[in-house]
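Structure below is start_3.cif: mmCIF, C-alpha atoms, pLDDT in the B column; chains and numbers go by the auth columns.
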data_input
#
loop_
_atom_site.group_PDB
_atom_site.id
_atom_site.type_symbol
_atom_site.label_atom_id
_atom_site.label_comp_id
_atom_site.label_asym_id
_atom_site.label_seq_id
_atom_site.Cartn_x
_atom_site.Cartn_y
_atom_site.Cartn_z
_atom_site.B_iso_or_equiv
_atom_site.auth_seq_id
_atom_site.auth_asym_id
ATOM 1 C CA CYS A 1 -9.275 4.416 23.217 91.00 1 A
ATOM 2 C CA TYR A 2 -11.322 5.972 20.444 91.00 2 A
ATOM 3 C CA SER A 3 -14.958 6.269 19.404 91.00 3 A
ATOM 4 C CA ILE A 4 -16.480 6.096 15.956 88.00 4 A
ATOM 5 C CA PRO A 5 -19.957 7.439 15.164 85.00 5 A
ATOM 6 C CA ASN A 6 -21.039 4.767 12.628 88.00 6 A
ATOM 7 C CA SER A 7 -20.245 1.157 11.777 92.00 7 A
ATOM 8 C CA GLY A 8 -17.906 0.678 8.837 94.00 8 A
ATOM 9 C CA HIS A 9 -14.337 0.295 7.742 97.00 9 A
ATOM 10 C CA VAL A 10 -11.936 1.880 10.239 97.00 10 A
ATOM 11 C CA SER A 11 -8.358 2.893 9.590 97.00 11 A
ATOM 12 C CA LEU A 12 -5.975 4.082 12.314 97.00 12 A
ATOM 13 C CA THR A 13 -2.606 5.065 10.866 97.00 13 A
ATOM 14 C CA VAL A 14 0.485 6.624 12.456 97.00 14 A
ATOM 15 C CA TYR A 15 2.707 9.109 10.585 98.00 15 A
ATOM 16 C CA ASP A 16 5.974 10.806 11.457 97.00 16 A
ATOM 17 C CA LEU A 17 6.222 14.592 11.196 96.00 17 A
ATOM 18 C CA THR A 18 7.455 14.395 7.598 97.00 18 A
ATOM 19 C CA GLY A 19 4.189 12.672 6.623 97.00 19 A
ATOM 20 C CA ARG A 20 5.707 9.205 6.170 98.00 20 A
ATOM 21 C CA ARG A 21 3.402 6.375 7.270 98.00 21 A
ATOM 22 C CA VAL A 22 5.145 4.405 10.018 97.00 22 A
ATOM 23 C CA ALA A 23 2.384 2.076 11.276 96.00 23 A
ATOM 24 C CA ASN A 24 -1.055 0.734 10.383 96.00 24 A
ATOM 25 C CA VAL A 25 -2.658 0.095 13.761 96.00 25 A
ATOM 26 C CA VAL A 26 -6.240 -0.723 12.683 97.00 26 A
ATOM 27 C CA ASN A 27 -7.566 -1.616 9.247 97.00 27 A
ATOM 28 C CA GLU A 28 -10.881 -3.467 9.626 97.00 28 A
ATOM 29 C CA HIS A 29 -14.667 -3.209 9.838 97.00 29 A
ATOM 30 C CA GLN A 30 -15.853 -2.113 13.294 96.00 30 A
ATOM 31 C CA SER A 31 -19.178 -1.333 14.895 95.00 31 A
ATOM 32 C CA ALA A 32 -20.081 2.156 16.111 92.00 32 A
ATOM 33 C CA GLY A 33 -18.995 3.044 19.625 94.00 33 A
ATOM 34 C CA SER A 34 -15.873 2.983 21.751 96.00 34 A
ATOM 35 C CA HIS A 35 -12.874 0.809 20.970 96.00 35 A
ATOM 36 C CA ALA A 36 -9.419 0.282 22.455 96.00 36 A
ATOM 37 C CA VAL A 37 -6.177 -0.725 20.802 94.00 37 A
ATOM 38 C CA ILE A 38 -2.651 -1.316 22.068 93.00 38 A
ATOM 39 C CA PHE A 39 -0.040 0.421 19.943 90.00 39 A
ATOM 40 C CA LYS A 40 3.422 -1.077 20.339 88.00 40 A
ATOM 41 C CA GLY A 41 5.762 1.580 19.035 88.00 41 A
ATOM 42 C CA ASN A 42 8.892 -0.295 20.059 90.00 42 A
ATOM 43 C CA VAL A 43 10.380 0.018 16.551 91.00 43 A
ATOM 44 C CA LEU A 44 9.899 3.798 16.533 94.00 44 A
ATOM 45 C CA ARG A 45 12.169 6.410 18.038 95.00 45 A
ATOM 46 C CA GLU A 46 10.983 8.739 20.755 95.00 46 A
ATOM 47 C CA GLY A 47 9.371 11.831 19.323 96.00 47 A
ATOM 48 C CA VAL A 48 6.225 13.454 18.025 97.00 48 A
ATOM 49 C CA TYR A 49 3.913 11.538 15.712 98.00 49 A
ATOM 50 C CA ILE A 50 0.485 12.078 14.174 98.00 50 A
ATOM 51 C CA TYR A 51 -2.316 9.539 14.152 96.00 51 A
ATOM 52 C CA GLN A 52 -5.166 9.594 11.650 97.00 52 A
ATOM 53 C CA LEU A 53 -8.449 7.866 12.465 95.00 53 A
ATOM 54 C CA GLN A 54 -10.844 7.366 9.540 94.00 54 A
ATOM 55 C CA SER A 55 -14.281 5.770 9.447 93.00 55 A
ATOM 56 C CA GLY A 56 -16.431 6.592 6.428 89.00 56 A
ATOM 57 C CA PRO A 57 -16.709 10.386 6.182 89.00 57 A
ATOM 58 C CA PHE A 58 -15.397 10.793 9.752 88.00 58 A
ATOM 59 C CA GLU A 59 -11.710 11.733 10.012 91.00 59 A
ATOM 60 C CA GLU A 60 -9.607 12.864 12.956 92.00 60 A
ATOM 61 C CA LYS A 61 -5.909 13.742 13.139 96.00 61 A
ATOM 62 C CA LYS A 62 -4.005 14.425 16.340 96.00 62 A
ATOM 63 C CA LYS A 63 -0.419 14.607 17.538 97.00 63 A
ATOM 64 C CA PHE A 64 1.033 12.413 20.250 95.00 64 A
ATOM 65 C CA ILE A 65 4.420 12.048 21.898 96.00 65 A
ATOM 66 C CA LEU A 66 6.122 8.676 22.123 95.00 66 A
ATOM 67 C CA VAL A 67 8.385 8.365 25.178 92.00 67 A
ATOM 68 C CA ARG A 68 10.169 5.408 26.700 82.00 68 A
#

Can the structure in the file be given as structure tokens, please?
Amino acid sequence: CYSIPNSGHVSLTVYDLTGRRVANVVNEHQSAGSHAVIFKGNVLREGVYIYQLQSGPFEEKKKFILVR
């Protein structure tokens, strides 16, 4: 789940720790508010990844751990 402050184009991208983009999860116009997405990382190895959420001037980056 994530929240965006304003309507607009939203991008949710996953990177490995070397900075290589490994998945584009969301790439579309969305309204302001809370949203949910299911990320199927079945092609990725277990480990630490970084997601980047962008919507207009709003940007957030956080780490997450993928485990099976």

For Glu28 in chain A, please output as a list in words all residues within 10 Å (counting only C-alpha atoms; exclusion window: fewer than 3 positions along the same chain).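 Counting only the stated atoms, we get Gly8, His9, Val10, Ser11, Leu12, Val25 and Ser55 of chain A.
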
Calculated over only C-alpha atoms, which of the candidates A:Leu44, A:Ile38, A:Tyr2, A:Gly56 has the smallest distance to Arg68 in chain A? A:Leu44

Which residue is closest to Asn24 in chain A? Choose from A:Tyr49, A:Phe39, A:Phe64, A:Phe58 and count all atoms listed in the file.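 Nearest to Asn24 in chain A: A:Phe39.
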
Minimum-distance residue to Gln54 in chain A, chosen among A:Cys1, A:Val67, A:Ala36, A:Val26 (using all atoms listed in the file): A:Val26

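Coordinates place CA of Val14 in chain A at a distance of 9.8 Å from CA of Lys62 in chain A.
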
One number please: CA of Leu66 in chain A to CA of His29 in chain A, in Å, one decimal. 26.9 Å

With only C-alpha atoms as the atoms that count, which of A:Arg45, A:Leu53, A:Gly19, A:Ile4 lies nearest to Ser31 in chain A?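 Smallest separation from Ser31 in chain A among the options: A:Ile4.
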
Could you tell me how far CA of Asn42 in chain A lies from CA of Ser3 in chain A, in Å and to one decimal?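 These atoms are spaced 24.7 Å apart.
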
Just want the 10 Å neighbourhood of Lys63 in chain A, counted on only C-alpha atoms, with same-chain residues fewer than 2 positions away dropped. Output as a ChimeraX atom specification. /A:14-17,48-52,61,65-66

Saved selection, atoms kept: C-alpha atoms, as a short mmCIF file (atom, residue, chain, number, x, y, z; two decimals), in the frame of the given file:
data_model
loop_
_atom_site.label_atom_id
_atom_site.label_comp_id
_atom_site.auth_asym_id
_atom_site.auth_seq_id
_atom_site.Cartn_x
_atom_site.Cartn_y
_atom_site.Cartn_z
CA VAL A 14 0.48 6.62 12.46
CA TYR A 15 2.71 9.11 10.58
CA ASP A 16 5.97 10.81 11.46
CA LEU A 17 6.22 14.59 11.20
CA VAL A 48 6.22 13.45 18.02
CA TYR A 49 3.91 11.54 15.71
CA ILE A 50 0.48 12.08 14.17
CA TYR A 51 -2.32 9.54 14.15
CA GLN A 52 -5.17 9.59 11.65
CA LYS A 61 -5.91 13.74 13.14
CA ILE A 65 4.42 12.05 21.90
CA LEU A 66 6.12 8.68 22.12
#

Since the input is missing atoms, can you rebuild N, CA and C atoms for range 35-53 of chain A and write them as a compact mmCIF listing (two decimals), in the coordinates of the input?
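Result saved to result-v3.txt:
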# COMPACT_ATOMS: atom_id res chain seq x y z
N HIS A 35 -13.80 1.92 21.22
CA HIS A 35 -12.87 0.81 20.97
C HIS A 35 -11.53 1.13 21.62
N ALA A 36 -10.76 0.10 21.89
CA ALA A 36 -9.42 0.28 22.46
C ALA A 36 -8.43 -0.53 21.63
N VAL A 37 -7.23 -0.03 21.53
CA VAL A 37 -6.18 -0.72 20.80
C VAL A 37 -4.86 -0.49 21.53
N ILE A 38 -3.99 -1.47 21.49
CA ILE A 38 -2.65 -1.32 22.07
C ILE A 38 -1.69 -1.08 20.92
N PHE A 39 -1.02 0.07 20.97
CA PHE A 39 -0.04 0.42 19.94
C PHE A 39 1.35 0.17 20.50
N LYS A 40 2.06 -0.77 19.92
CA LYS A 40 3.42 -1.08 20.34
C LYS A 40 4.38 -0.35 19.40
N GLY A 41 4.86 0.77 19.85
CA GLY A 41 5.76 1.58 19.04
C GLY A 41 7.22 1.29 19.32
N ASN A 42 7.52 0.04 19.67
CA ASN A 42 8.89 -0.30 20.06
C ASN A 42 9.90 -0.18 18.92
N VAL A 43 9.44 -0.13 17.67
CA VAL A 43 10.38 0.02 16.55
C VAL A 43 10.56 1.49 16.17
N LEU A 44 9.81 2.37 16.83
CA LEU A 44 9.90 3.80 16.53
C LEU A 44 10.77 4.50 17.56
N ARG A 45 11.39 5.59 17.12
CA ARG A 45 12.17 6.41 18.04
C ARG A 45 11.24 7.30 18.85
N GLU A 46 11.74 7.76 19.98
CA GLU A 46 10.98 8.74 20.76
C GLU A 46 10.76 9.97 19.89
N GLY A 47 9.63 10.61 20.08
CA GLY A 47 9.37 11.83 19.32
C GLY A 47 7.90 12.09 19.16
N VAL A 48 7.60 13.05 18.30
CA VAL A 48 6.22 13.45 18.02
C VAL A 48 5.74 12.76 16.76
N TYR A 49 4.53 12.23 16.83
CA TYR A 49 3.91 11.54 15.71
C TYR A 49 2.48 12.05 15.56
N ILE A 50 1.87 11.71 14.45
CA ILE A 50 0.48 12.08 14.17
C ILE A 50 -0.29 10.79 13.89
N TYR A 51 -1.46 10.66 14.53
CA TYR A 51 -2.32 9.54 14.15
C TYR A 51 -3.52 10.07 13.38
N GLN A 52 -4.00 9.25 12.45
CA GLN A 52 -5.17 9.59 11.65
C GLN A 52 -6.17 8.46 11.80
N LEU A 53 -7.36 8.81 12.30
CA LEU A 53 -8.45 7.87 12.46
C LEU A 53 -9.50 8.18 11.40
